[in-house]
>>> print(open('run-v4.txt').read())   # compact mmCIF, C-alpha atoms
# COMPACT_ATOMS: atom_id res chain seq x y z
CA MET U 1 -6.40 -10.93 2.97
CA ALA U 2 -8.67 -11.64 0.03
CA LYS U 3 -11.93 -13.30 0.91
CA SER U 4 -12.28 -15.82 -1.88
CA SER U 5 -10.20 -17.83 -4.30
CA LYS U 6 -11.02 -19.53 -7.57
CA TYR U 7 -8.69 -22.34 -6.52
CA THR U 8 -9.59 -25.21 -4.20
CA SER U 9 -6.96 -26.92 -2.12
CA LYS U 10 -6.70 -30.70 -2.45
CA GLN U 11 -7.41 -32.75 0.65
CA PRO U 12 -4.83 -35.30 1.82
CA ASP U 13 -6.13 -38.89 2.19
CA GLU U 14 -6.09 -40.77 5.53
CA ASN U 15 -2.34 -41.39 5.09
CA GLY U 16 -1.68 -37.68 4.48
CA VAL U 17 -1.05 -38.26 0.76
CA ILE U 18 -2.32 -35.80 -1.85
CA ALA U 19 -3.14 -37.20 -5.27
CA TRP U 20 -1.72 -34.76 -7.83
CA SER U 21 -2.61 -35.20 -11.51
CA ASP U 22 -0.01 -35.67 -14.25
CA GLU U 23 -0.72 -32.14 -15.49
CA GLU U 24 -0.24 -30.65 -12.01
CA ASN U 25 3.07 -32.50 -11.63
CA LYS U 26 4.09 -31.25 -15.07
CA ILE U 27 3.32 -27.63 -14.13
CA TRP U 28 5.43 -28.08 -10.96
CA SER U 29 8.27 -29.56 -12.97
CA GLU U 30 8.28 -26.67 -15.45
CA LEU U 31 8.06 -24.05 -12.68
CA VAL U 32 10.96 -25.61 -10.76
CA ALA U 33 13.18 -25.90 -13.86
CA ARG U 34 12.55 -22.28 -14.84
CA GLN U 35 13.01 -20.85 -11.38
CA LEU U 36 16.19 -22.78 -10.55
CA GLN U 37 17.75 -21.19 -13.62
CA CYS U 38 16.39 -17.79 -12.66
CA ILE U 39 17.76 -17.70 -9.08
CA GLU U 40 21.25 -18.88 -9.98
CA GLY U 41 23.75 -16.43 -8.43
CA LYS U 42 20.86 -14.44 -6.93
CA ALA U 43 19.53 -16.57 -4.05
CA CYS U 44 21.38 -16.34 -0.72
CA ASN U 45 23.64 -19.21 0.39
CA GLU U 46 21.28 -20.12 3.25
CA TYR U 47 18.51 -20.69 0.73
CA MET U 48 20.70 -22.78 -1.57
CA ASP U 49 21.91 -24.87 1.39
CA GLY U 50 18.29 -25.38 2.49
CA LEU U 51 17.31 -26.41 -1.03
CA LYS U 52 19.93 -29.17 -0.88
CA LYS U 53 18.58 -30.34 2.47
CA ILE U 54 14.92 -30.52 1.43
CA ASN U 55 15.97 -32.17 -1.84
CA LEU U 56 12.85 -31.23 -3.80
CA PRO U 57 11.77 -33.63 -6.52
CA HIS U 58 11.84 -31.94 -9.93
CA ASP U 59 9.41 -34.27 -11.68
CA ARG U 60 6.50 -34.13 -9.21
CA ILE U 61 5.02 -32.10 -6.35
CA PRO U 62 6.51 -33.38 -3.08
CA GLN U 63 4.28 -34.85 -0.40
CA LEU U 64 4.19 -32.74 2.76
CA SER U 65 5.44 -35.67 4.85
CA GLU U 66 8.70 -35.64 2.85
CA LEU U 67 9.27 -31.99 3.77
CA ASN U 68 8.23 -32.54 7.39
CA GLU U 69 10.86 -35.18 7.88
CA VAL U 70 13.65 -32.77 6.93
CA LEU U 71 12.21 -29.65 8.60
CA GLY U 72 11.50 -31.58 11.80
CA GLN U 73 15.13 -32.70 12.00
CA GLU U 74 16.61 -29.30 11.11
CA THR U 75 14.50 -26.77 13.06
CA GLY U 76 11.46 -28.55 14.49
CA TRP U 77 9.13 -26.96 11.90
CA GLN U 78 6.40 -28.70 9.91
CA VAL U 79 4.27 -27.74 6.91
CA ALA U 80 0.50 -27.88 7.30
CA PRO U 81 -2.04 -28.21 4.45
CA VAL U 82 -4.49 -25.29 4.36
CA PRO U 83 -7.32 -24.04 2.10
CA ALA U 84 -6.45 -21.63 -0.73
CA LEU U 85 -6.88 -18.63 1.62
CA ILE U 86 -6.78 -18.47 5.42
CA ASP U 87 -7.44 -15.57 7.79
CA PHE U 88 -4.81 -13.80 9.88
CA ASP U 89 -5.90 -15.62 13.04
CA GLU U 90 -5.22 -19.05 11.58
CA PHE U 91 -2.06 -17.86 9.83
CA PHE U 92 -0.53 -16.55 13.06
CA ARG U 93 -1.74 -19.57 15.06
CA LEU U 94 0.04 -21.95 12.70
CA LEU U 95 3.31 -19.99 12.72
CA ALA U 96 3.16 -19.71 16.52
CA ASN U 97 3.06 -23.53 16.57
CA LYS U 98 5.97 -23.89 14.11
CA GLN U 99 3.65 -24.96 11.32
CA PHE U 100 4.06 -23.28 7.97
CA PRO U 101 0.78 -23.07 5.99
CA VAL U 102 0.90 -24.62 2.52
CA ALA U 103 -2.11 -24.13 0.24
CA THR U 104 -2.46 -27.50 -1.49
CA PHE U 105 -3.29 -26.37 -5.01
CA ILE U 106 -1.06 -25.43 -7.94
CA ARG U 107 -1.63 -22.58 -10.37
CA SER U 108 -3.27 -23.18 -13.71
CA ARG U 109 -1.32 -22.84 -16.96
CA GLU U 110 -3.19 -19.57 -17.63
CA GLU U 111 -1.58 -18.11 -14.50
CA PHE U 112 1.77 -19.84 -14.96
CA ASP U 113 3.76 -16.60 -14.70
CA TYR U 114 1.92 -14.89 -11.88
CA LEU U 115 -0.94 -15.39 -9.49
CA GLN U 116 -1.88 -13.32 -6.46
CA GLU U 117 -2.62 -16.25 -4.15
CA PRO U 118 0.22 -18.31 -2.71
CA ASP U 119 0.07 -21.82 -4.25
CA VAL U 120 1.98 -24.98 -3.39
CA PHE U 121 4.89 -23.95 -5.63
CA HIS U 122 5.26 -20.54 -3.96
CA GLU U 123 4.98 -21.98 -0.44
CA ILE U 124 7.33 -24.92 -0.93
CA PHE U 125 9.89 -23.60 -3.43
CA GLY U 126 9.81 -20.06 -2.02
CA HIS U 127 9.81 -20.71 1.73
CA CYS U 128 10.64 -24.25 2.84
CA ALA U 129 14.38 -24.12 2.12
CA MET U 130 14.75 -21.07 4.41
CA LEU U 131 12.87 -22.85 7.21
CA THR U 132 15.86 -25.20 7.56
CA ASN U 133 17.86 -22.18 8.78
CA PRO U 134 17.70 -21.76 12.60
CA ALA U 135 17.79 -17.92 12.61
CA PHE U 136 15.08 -17.65 9.94
CA ALA U 137 12.99 -20.35 11.64
CA GLU U 138 13.21 -18.60 15.03
CA PHE U 139 12.25 -15.23 13.52
CA THR U 140 9.20 -16.80 11.83
CA HIS U 141 8.18 -18.60 15.03
CA LYS U 142 8.51 -15.48 17.20
CA TYR U 143 6.63 -13.49 14.55
CA GLY U 144 3.74 -15.98 14.70
CA GLN U 145 3.57 -15.78 18.49
CA LEU U 146 3.52 -11.97 18.38
CA GLY U 147 0.88 -11.86 15.69
CA TYR U 148 -1.35 -14.41 17.38
CA ALA U 149 -1.33 -12.38 20.62
CA ALA U 150 -1.69 -9.00 18.86
CA GLU U 151 -4.88 -7.02 18.54
CA LYS U 152 -6.48 -6.78 15.12
CA LYS U 153 -5.48 -3.14 14.61
CA ASP U 154 -1.80 -4.03 15.16
CA ARG U 155 -1.71 -6.96 12.77
CA GLY U 156 -1.56 -4.75 9.69
CA TYR U 157 1.72 -3.29 10.99
CA LEU U 158 3.08 -6.77 11.68
CA ALA U 159 2.03 -7.87 8.18
CA ARG U 160 4.45 -5.28 6.75
CA LEU U 161 7.32 -6.78 8.72
CA TYR U 162 6.58 -10.22 7.27
CA TRP U 163 6.13 -8.80 3.79
CA PHE U 164 9.51 -7.06 3.68
CA THR U 165 11.43 -9.97 5.26
CA VAL U 166 9.96 -13.46 4.78
CA GLU U 167 8.29 -12.57 1.47
CA PHE U 168 10.45 -9.86 -0.12
CA GLY U 169 13.62 -9.73 1.95
CA LEU U 170 17.06 -9.11 0.44
CA MET U 171 20.52 -9.49 1.94
CA GLN U 172 23.77 -7.60 1.33
CA THR U 173 26.61 -10.16 1.22
CA LYS U 174 30.31 -10.12 0.35
CA ASP U 175 29.22 -11.47 -3.06
CA GLY U 176 26.69 -8.68 -3.58
CA LEU U 177 22.93 -8.47 -3.24
CA ARG U 178 21.18 -11.80 -2.56
CA ILE U 179 17.55 -12.82 -2.10
CA TYR U 180 16.04 -14.69 0.86
CA GLY U 181 12.35 -13.69 0.55
CA GLY U 182 10.08 -16.42 -0.83
CA GLY U 183 7.91 -13.99 -2.79
CA VAL U 184 10.93 -13.06 -4.88
CA LEU U 185 12.53 -16.51 -5.02
CA SER U 186 9.38 -18.06 -6.49
CA SER U 187 8.79 -15.31 -9.09
CA PRO U 188 10.91 -15.05 -12.26
CA GLY U 189 9.75 -11.50 -12.95
CA GLU U 190 10.47 -10.25 -9.43
CA THR U 191 13.85 -12.04 -9.27
CA GLN U 192 15.04 -10.13 -12.34
CA TYR U 193 13.35 -6.87 -11.34
CA VAL U 194 15.31 -6.74 -8.04
CA TYR U 195 18.52 -6.35 -10.09
CA SER U 196 17.09 -3.98 -12.71
CA GLY U 197 18.08 -0.74 -10.96
CA THR U 198 14.39 0.29 -10.85
CA PRO U 199 13.37 -0.39 -7.24
CA GLU U 200 14.66 1.50 -4.24
CA ILE U 201 16.81 -0.72 -1.98
CA GLN U 202 17.30 0.41 1.63
CA PRO U 203 18.91 -1.10 4.75
CA LEU U 204 16.23 -2.64 6.95
CA ASP U 205 15.14 -0.57 9.93
CA VAL U 206 12.22 -2.26 11.72
CA SER U 207 10.47 1.05 12.48
CA ASP U 208 10.63 2.07 8.81
CA VAL U 209 9.36 -1.30 7.62
CA LEU U 210 6.33 -1.13 9.94
CA ARG U 211 5.40 2.21 8.33
CA THR U 212 5.91 1.20 4.67
CA PRO U 213 2.72 0.56 2.67
CA TYR U 214 2.75 -2.21 0.06
CA ARG U 215 0.54 -3.68 -2.62
CA ILE U 216 0.42 -7.39 -3.39
CA ASP U 217 -0.41 -7.03 -7.07
CA ILE U 218 2.56 -5.01 -8.36
CA MET U 219 6.35 -5.25 -8.44
CA GLN U 220 7.68 -3.81 -5.18
CA PRO U 221 8.89 -0.20 -5.47
CA ILE U 222 11.07 -0.69 -2.36
CA TYR U 223 12.97 -3.58 -0.78
CA TYR U 224 14.82 -3.72 2.54
CA THR U 225 18.14 -5.47 3.09
CA ILE U 226 19.70 -7.23 6.05
CA ASN U 227 23.46 -7.92 6.27
CA SER U 228 23.23 -11.46 7.59
CA ILE U 229 20.49 -14.00 8.25
CA ASN U 230 21.38 -13.58 11.95
CA ASP U 231 19.92 -10.06 11.75
CA LEU U 232 16.51 -11.77 11.65
CA PHE U 233 17.30 -13.56 14.90
CA ASP U 234 18.26 -10.20 16.45
CA ILE U 235 14.95 -8.70 15.27
CA SER U 236 13.07 -11.63 16.83
CA GLN U 237 14.57 -10.64 20.21
CA MET U 238 13.42 -7.00 19.97
CA ASP U 239 10.35 -5.53 21.64
CA ILE U 240 8.52 -5.36 18.32
CA MET U 241 5.15 -4.37 19.79
CA SER U 242 6.63 -1.19 21.28
CA LEU U 243 7.96 -0.39 17.78
CA VAL U 244 4.44 -1.01 16.42
CA ALA U 245 3.05 1.47 18.96
CA LYS U 246 5.64 4.04 17.84
CA ALA U 247 4.84 3.39 14.15
CA LYS U 248 1.14 3.98 14.85
CA GLU U 249 1.96 7.32 16.46
CA LEU U 250 4.15 8.42 13.55
CA GLY U 251 1.77 7.13 10.85
CA LEU U 252 2.51 5.45 7.53
CA PHE U 253 4.93 6.74 4.93
CA GLU U 254 3.54 8.09 1.68
CA PRO U 255 3.02 5.08 -0.66
CA LYS U 256 5.60 4.74 -3.45
CA PHE U 257 2.96 3.40 -5.82
CA PRO U 258 -0.24 4.75 -7.40
CA PRO U 259 -3.54 3.91 -5.73
CA LYS U 260 -5.30 0.82 -7.03
CA GLN U 261 -7.73 1.69 -9.81
CA LYS U 262 -11.32 1.22 -8.69
CA LEU U 263 -13.53 -0.49 -11.22
CA ALA U 264 -16.39 1.71 -12.41
CA SER U 265 -19.70 0.45 -11.01
>>> encode(input="run-v4.txt", output="structure tokens")
Amino acid sequence: MAKSSKYTSKQPDENGVIAWSDEENKIWSELVARQLQCIEGKACNEYMDGLKKINLPHDRIPQLSELNEVLGQETGWQVAPVPALIDFDEFFRLLANKQFPVATFIRSREEFDYLQEPDVFHEIFGHCAMLTNPAFAEFTHKYGQLGYAAEKKDRGYLARLYWFTVEFGLMQTKDGLRIYGGGVLSSPGETQYVYSGTPEIQPLDVSDVLRTPYRIDIMQPIYYTINSINDLFDISQMDIMSLVAKAKELGLFEPKFPPKQKLAS
């Protein structure tokens, strides 16, 4: 994870309320309007059902307590305010305790289309609707427990599993290809790119996913698909750490992207 961010998360007051400015609420409003249009007919049914349940305001950034009320009732999850960037240890600890980290800042207008750090729009619009789904919620919880107990050298392998499911996961449905990953659902560019015929789209095999390198700053050259959200529940019941051990033995696949350009010193 990156070490520093130019953004600073806002602190909730003693009642847990975050004071968002008019401009920040306006940025949220514009992002939501654009992305709702973008995901039409592309987001999976589970996401759209979850979106109805969490009933996001369109004119302002929701308070975390509003989300917690719904998530608590549906799956026992909560959202927790965190700084702009947290380390793996804290990330896994929160997930293991059914708390989804939400960085309490919103992108600037200059980075309206894309920013590398997950902001409040990405975390809430991208992920919270799926956390109302029991199979998705259980997968994320089990993942957090595994990651929190794992040794540092194994966490990179586990990060790939999260990346290609929770962040960039796709689903084959009777209506065609649908998106459930929050990294795609919160990005207009990535949402369209998935359907462009450019990326490789493969059925998800956990062992393959653990061996697939990725970069956070480019469109994904490969996505993995499940056939049903219940596939995630099935994965959560697997002995994932033995698959990690096997992946380490076999080594990583050749990256499907060019190496990152190093800046000349």
>>> residues_around(input="run-v4.txt", residues="Ile216 of chain U", least_positions_apart="5", cutoff="12 Å", atoms="only C-alpha atoms", output="list in words")
Met1, Ala2, Tyr114, Leu115, Gln116, Glu117, Pro118, Ala159, Arg160, Trp163, Phe164, Glu167, Phe168, Gly183, Pro221, Phe257 and Lys260 of chain U
>>> closest_residue(input="run-v4.txt", among="U:Tyr180, U:Phe121, U:Phe112, U:Tyr148", to="Asn97 of chain U", atoms="all atoms listed in the file")
U:Tyr148
>>> closest_residue(input="run-v4.txt", among="U:Ile226, U:Val206, U:Ile106, U:Val166", to="His122 of chain U", atoms="only C-alpha atoms")
U:Ile106
>>> residues_around(input="run-v4.txt", residues="Asp49 of chain U", least_positions_apart="3", cutoff="12 Å", atoms="all atoms listed in the file", output="PyMOL selection string")
chain U and resi 43-46+52-55+74+128-133+180
>>> closest_residue(input="run-v4.txt", among="U:Phe253, U:Phe233, U:Tyr193, U:Trp28", to="Arg211 of chain U", atoms="only C-alpha atoms")
U:Phe253
>>> atom_distance(input="run-v4.txt", atom1="atom CA of Gly76 of chain U", atom2="atom CA of Asp239 of chain U")
24.1 Å
>>> residues_near_point(input="run-v4.txt", point="(6.2, -36.6, -10.5)", cutoff="12 Å", atoms="all atoms listed in the file", output="number ranges by chain")
U: 19-30, 32, 56-63
>>> atom_distance(input="run-v4.txt", atom1="atom CA of Leu185 of chain U", atom2="atom CA of Glu123 of chain U")
10.4 Å
>>> closest_atom_pairs(input="run-v4.txt", of="segment 136-155 of chain U", to="segment 98-103 of chain U", cutoff="12 Å", atoms="all atoms listed in the file", output="Markdown table")
| residue | atom | partner | partner_atom | distance |
| --- | --- | --- | --- | --- |
| U:Phe136 | CA | U:Lys98 | CA | 11.8 |
| U:Ala137 | CA | U:Lys98 | CA | 8.2 |
| U:Glu138 | CA | U:Lys98 | CA | 9.0 |
| U:Phe139 | CA | U:Lys98 | CA | 10.7 |
| U:Thr140 | CA | U:Lys98 | CA | 8.1 |
| U:His141 | CA | U:Lys98 | CA | 5.8 |
| U:Lys142 | CA | U:Lys98 | CA | 9.3 |
| U:Tyr143 | CA | U:Lys98 | CA | 10.4 |
| U:Gly144 | CA | U:Lys98 | CA | 8.2 |
| U:Gln145 | CA | U:Lys98 | CA | 9.5 |
>>> closest_residue(input="run-v4.txt", among="U:Glu111, U:Asp87, U:Asp119, U:Asp13", to="Ser186 of chain U", atoms="all atoms listed in the file")
U:Asp119
>>> atom_distance(input="run-v4.txt", atom1="atom CA of Arg34 of chain U", atom2="atom CA of Arg215 of chain U")
25.3 Å
>>> residues_around(input="run-v4.txt", residues="Pro83 of chain U", least_positions_apart="6", cutoff="7 Å", atoms="only C-alpha atoms", output="PyMOL selection string")
chain U and resi 8-9+103-104
>>> residues_around(input="run-v4.txt", residues="Leu161 of chain U", least_positions_apart="4", cutoff="8 Å", atoms="only C-alpha atoms", output="PDB file with C-alpha atoms, in the frame of the given file")
ATOM      1  CA  TYR U 157       1.720  -3.290  10.990  1.00  0.00           C
ATOM      2  CA  THR U 165      11.430  -9.970   5.260  1.00  0.00           C
ATOM      3  CA  VAL U 206      12.220  -2.260  11.720  1.00  0.00           C
ATOM      4  CA  VAL U 209       9.360  -1.300   7.620  1.00  0.00           C
ATOM      5  CA  LEU U 210       6.330  -1.130   9.940  1.00  0.00           C
TER       6      LEU U 210
END
>>> closest_residue(input="run-v4.txt", among="U:Asn227, U:Ser108, U:Ser196, U:Gln202", to="Lys6 of chain U", atoms="only C-alpha atoms")
U:Ser108
>>> decode(input="run-v4.txt", residues="segment 87-113 of chain U", atoms="N, CA, C and O atoms", output="mmCIF file, in the first residue's frame")
data_model
loop_
_atom_site.group_PDB
_atom_site.id
_atom_site.type_symbol
_atom_site.label_atom_id
_atom_site.label_comp_id
_atom_site.auth_asym_id
_atom_site.auth_seq_id
_atom_site.Cartn_x
_atom_site.Cartn_y
_atom_site.Cartn_z
ATOM 1 N N ASP U 87 -2.661 0.526 6.865
ATOM 2 C CA ASP U 87 -1.787 -0.595 6.512
ATOM 3 C C ASP U 87 -2.594 -1.898 6.479
ATOM 4 O O ASP U 87 -3.752 -1.956 6.900
ATOM 5 N N PHE U 88 -1.958 -2.933 5.954
ATOM 6 C CA PHE U 88 -2.622 -4.235 5.808
ATOM 7 C C PHE U 88 -3.151 -4.751 7.145
ATOM 8 O O PHE U 88 -4.226 -5.325 7.217
ATOM 9 N N ASP U 89 -2.348 -4.557 8.201
ATOM 10 C CA ASP U 89 -2.723 -5.067 9.517
ATOM 11 C C ASP U 89 -4.075 -4.517 9.962
ATOM 12 O O ASP U 89 -4.956 -5.259 10.386
ATOM 13 N N GLU U 90 -4.213 -3.210 9.841
ATOM 14 C CA GLU U 90 -5.462 -2.556 10.251
ATOM 15 C C GLU U 90 -6.602 -2.924 9.295
ATOM 16 O O GLU U 90 -7.736 -3.154 9.718
ATOM 17 N N PHE U 91 -6.296 -3.007 8.030
ATOM 18 C CA PHE U 91 -7.294 -3.373 7.025
ATOM 19 C C PHE U 91 -7.894 -4.754 7.337
ATOM 20 O O PHE U 91 -9.106 -4.929 7.421
ATOM 21 N N PHE U 92 -7.020 -5.729 7.548
ATOM 22 C CA PHE U 92 -7.497 -7.085 7.843
ATOM 23 C C PHE U 92 -8.209 -7.140 9.196
ATOM 24 O O PHE U 92 -9.199 -7.849 9.355
ATOM 25 N N ARG U 93 -7.688 -6.404 10.182
ATOM 26 C CA ARG U 93 -8.310 -6.404 11.515
ATOM 27 C C ARG U 93 -9.754 -5.915 11.435
ATOM 28 O O ARG U 93 -10.666 -6.510 12.025
ATOM 29 N N LEU U 94 -9.960 -4.838 10.686
ATOM 30 C CA LEU U 94 -11.314 -4.293 10.547
ATOM 31 C C LEU U 94 -12.243 -5.305 9.874
ATOM 32 O O LEU U 94 -13.335 -5.588 10.364
ATOM 33 N N LEU U 95 -11.804 -5.869 8.745
ATOM 34 C CA LEU U 95 -12.654 -6.835 8.039
ATOM 35 C C LEU U 95 -12.955 -8.058 8.913
ATOM 36 O O LEU U 95 -14.071 -8.587 8.896
ATOM 37 N N ALA U 96 -11.946 -8.489 9.681
ATOM 38 C CA ALA U 96 -12.148 -9.646 10.560
ATOM 39 C C ALA U 96 -13.210 -9.362 11.613
ATOM 40 O O ALA U 96 -13.828 -10.284 12.153
ATOM 41 N N ASN U 97 -13.425 -8.085 11.921
ATOM 42 C CA ASN U 97 -14.437 -7.668 12.895
ATOM 43 C C ASN U 97 -15.707 -7.136 12.233
ATOM 44 O O ASN U 97 -16.485 -6.408 12.856
ATOM 45 N N LYS U 98 -15.899 -7.493 10.960
ATOM 46 C CA LYS U 98 -17.074 -7.051 10.188
ATOM 47 C C LYS U 98 -17.219 -5.537 10.169
ATOM 48 O O LYS U 98 -18.314 -4.992 10.282
ATOM 49 N N GLN U 99 -16.073 -4.871 10.016
ATOM 50 C CA GLN U 99 -16.081 -3.418 9.860
ATOM 51 C C GLN U 99 -15.410 -3.084 8.535
ATOM 52 O O GLN U 99 -14.260 -3.466 8.307
ATOM 53 N N PHE U 100 -16.131 -2.387 7.681
ATOM 54 C CA PHE U 100 -15.556 -2.053 6.385
ATOM 55 C C PHE U 100 -14.942 -0.659 6.461
ATOM 56 O O PHE U 100 -15.618 0.310 6.826
ATOM 57 N N PRO U 101 -13.629 -0.536 6.137
ATOM 58 C CA PRO U 101 -12.969 0.772 6.264
ATOM 59 C C PRO U 101 -13.446 1.763 5.201
ATOM 60 O O PRO U 101 -13.486 1.434 4.023
ATOM 61 N N VAL U 102 -13.812 2.952 5.653
ATOM 62 C CA VAL U 102 -14.224 4.023 4.738
ATOM 63 C C VAL U 102 -13.350 5.243 5.003
ATOM 64 O O VAL U 102 -13.394 5.831 6.090
ATOM 65 N N ALA U 103 -12.529 5.596 4.009
ATOM 66 C CA ALA U 103 -11.703 6.806 4.126
ATOM 67 C C ALA U 103 -12.626 8.020 4.000
ATOM 68 O O ALA U 103 -13.329 8.155 3.005
ATOM 69 N N THR U 104 -12.634 8.863 5.018
ATOM 70 C CA THR U 104 -13.616 9.958 5.069
ATOM 71 C C THR U 104 -13.071 11.245 4.420
ATOM 72 O O THR U 104 -12.899 12.271 5.069
ATOM 73 N N PHE U 105 -12.776 11.112 3.137
ATOM 74 C CA PHE U 105 -12.462 12.290 2.313
ATOM 75 C C PHE U 105 -13.062 12.023 0.946
ATOM 76 O O PHE U 105 -13.312 10.858 0.582
ATOM 77 N N ILE U 106 -13.313 13.074 0.183
ATOM 78 C CA ILE U 106 -13.796 12.888 -1.188
ATOM 79 C C ILE U 106 -12.821 13.552 -2.147
ATOM 80 O O ILE U 106 -12.197 14.561 -1.817
ATOM 81 N N ARG U 107 -12.687 12.955 -3.315
ATOM 82 C CA ARG U 107 -11.725 13.430 -4.313
ATOM 83 C C ARG U 107 -11.959 14.891 -4.672
ATOM 84 O O ARG U 107 -13.082 15.398 -4.587
ATOM 85 N N SER U 108 -10.890 15.523 -5.123
ATOM 86 C CA SER U 108 -11.004 16.907 -5.591
ATOM 87 C C SER U 108 -11.552 16.903 -7.013
ATOM 88 O O SER U 108 -11.560 15.872 -7.687
ATOM 89 N N ARG U 109 -11.985 18.059 -7.472
ATOM 90 C CA ARG U 109 -12.502 18.169 -8.843
ATOM 91 C C ARG U 109 -11.424 17.817 -9.872
ATOM 92 O O ARG U 109 -11.712 17.266 -10.929
ATOM 93 N N GLU U 110 -10.164 18.129 -9.548
ATOM 94 C CA GLU U 110 -9.049 17.833 -10.463
ATOM 95 C C GLU U 110 -8.918 16.323 -10.688
ATOM 96 O O GLU U 110 -8.424 15.875 -11.717
ATOM 97 N N GLU U 111 -9.331 15.534 -9.708
ATOM 98 C CA GLU U 111 -9.225 14.075 -9.832
ATOM 99 C C GLU U 111 -10.614 13.437 -9.908
ATOM 100 O O GLU U 111 -10.813 12.296 -9.496
ATOM 101 N N PHE U 112 -11.544 14.187 -10.462
ATOM 102 C CA PHE U 112 -12.943 13.754 -10.521
ATOM 103 C C PHE U 112 -13.080 12.397 -11.217
ATOM 104 O O PHE U 112 -13.829 11.532 -10.784
ATOM 105 N N ASP U 113 -12.335 12.195 -12.297
ATOM 106 C CA ASP U 113 -12.477 10.974 -13.090
ATOM 107 C C ASP U 113 -11.735 9.784 -12.505
ATOM 108 O O ASP U 113 -12.156 8.647 -12.662
#
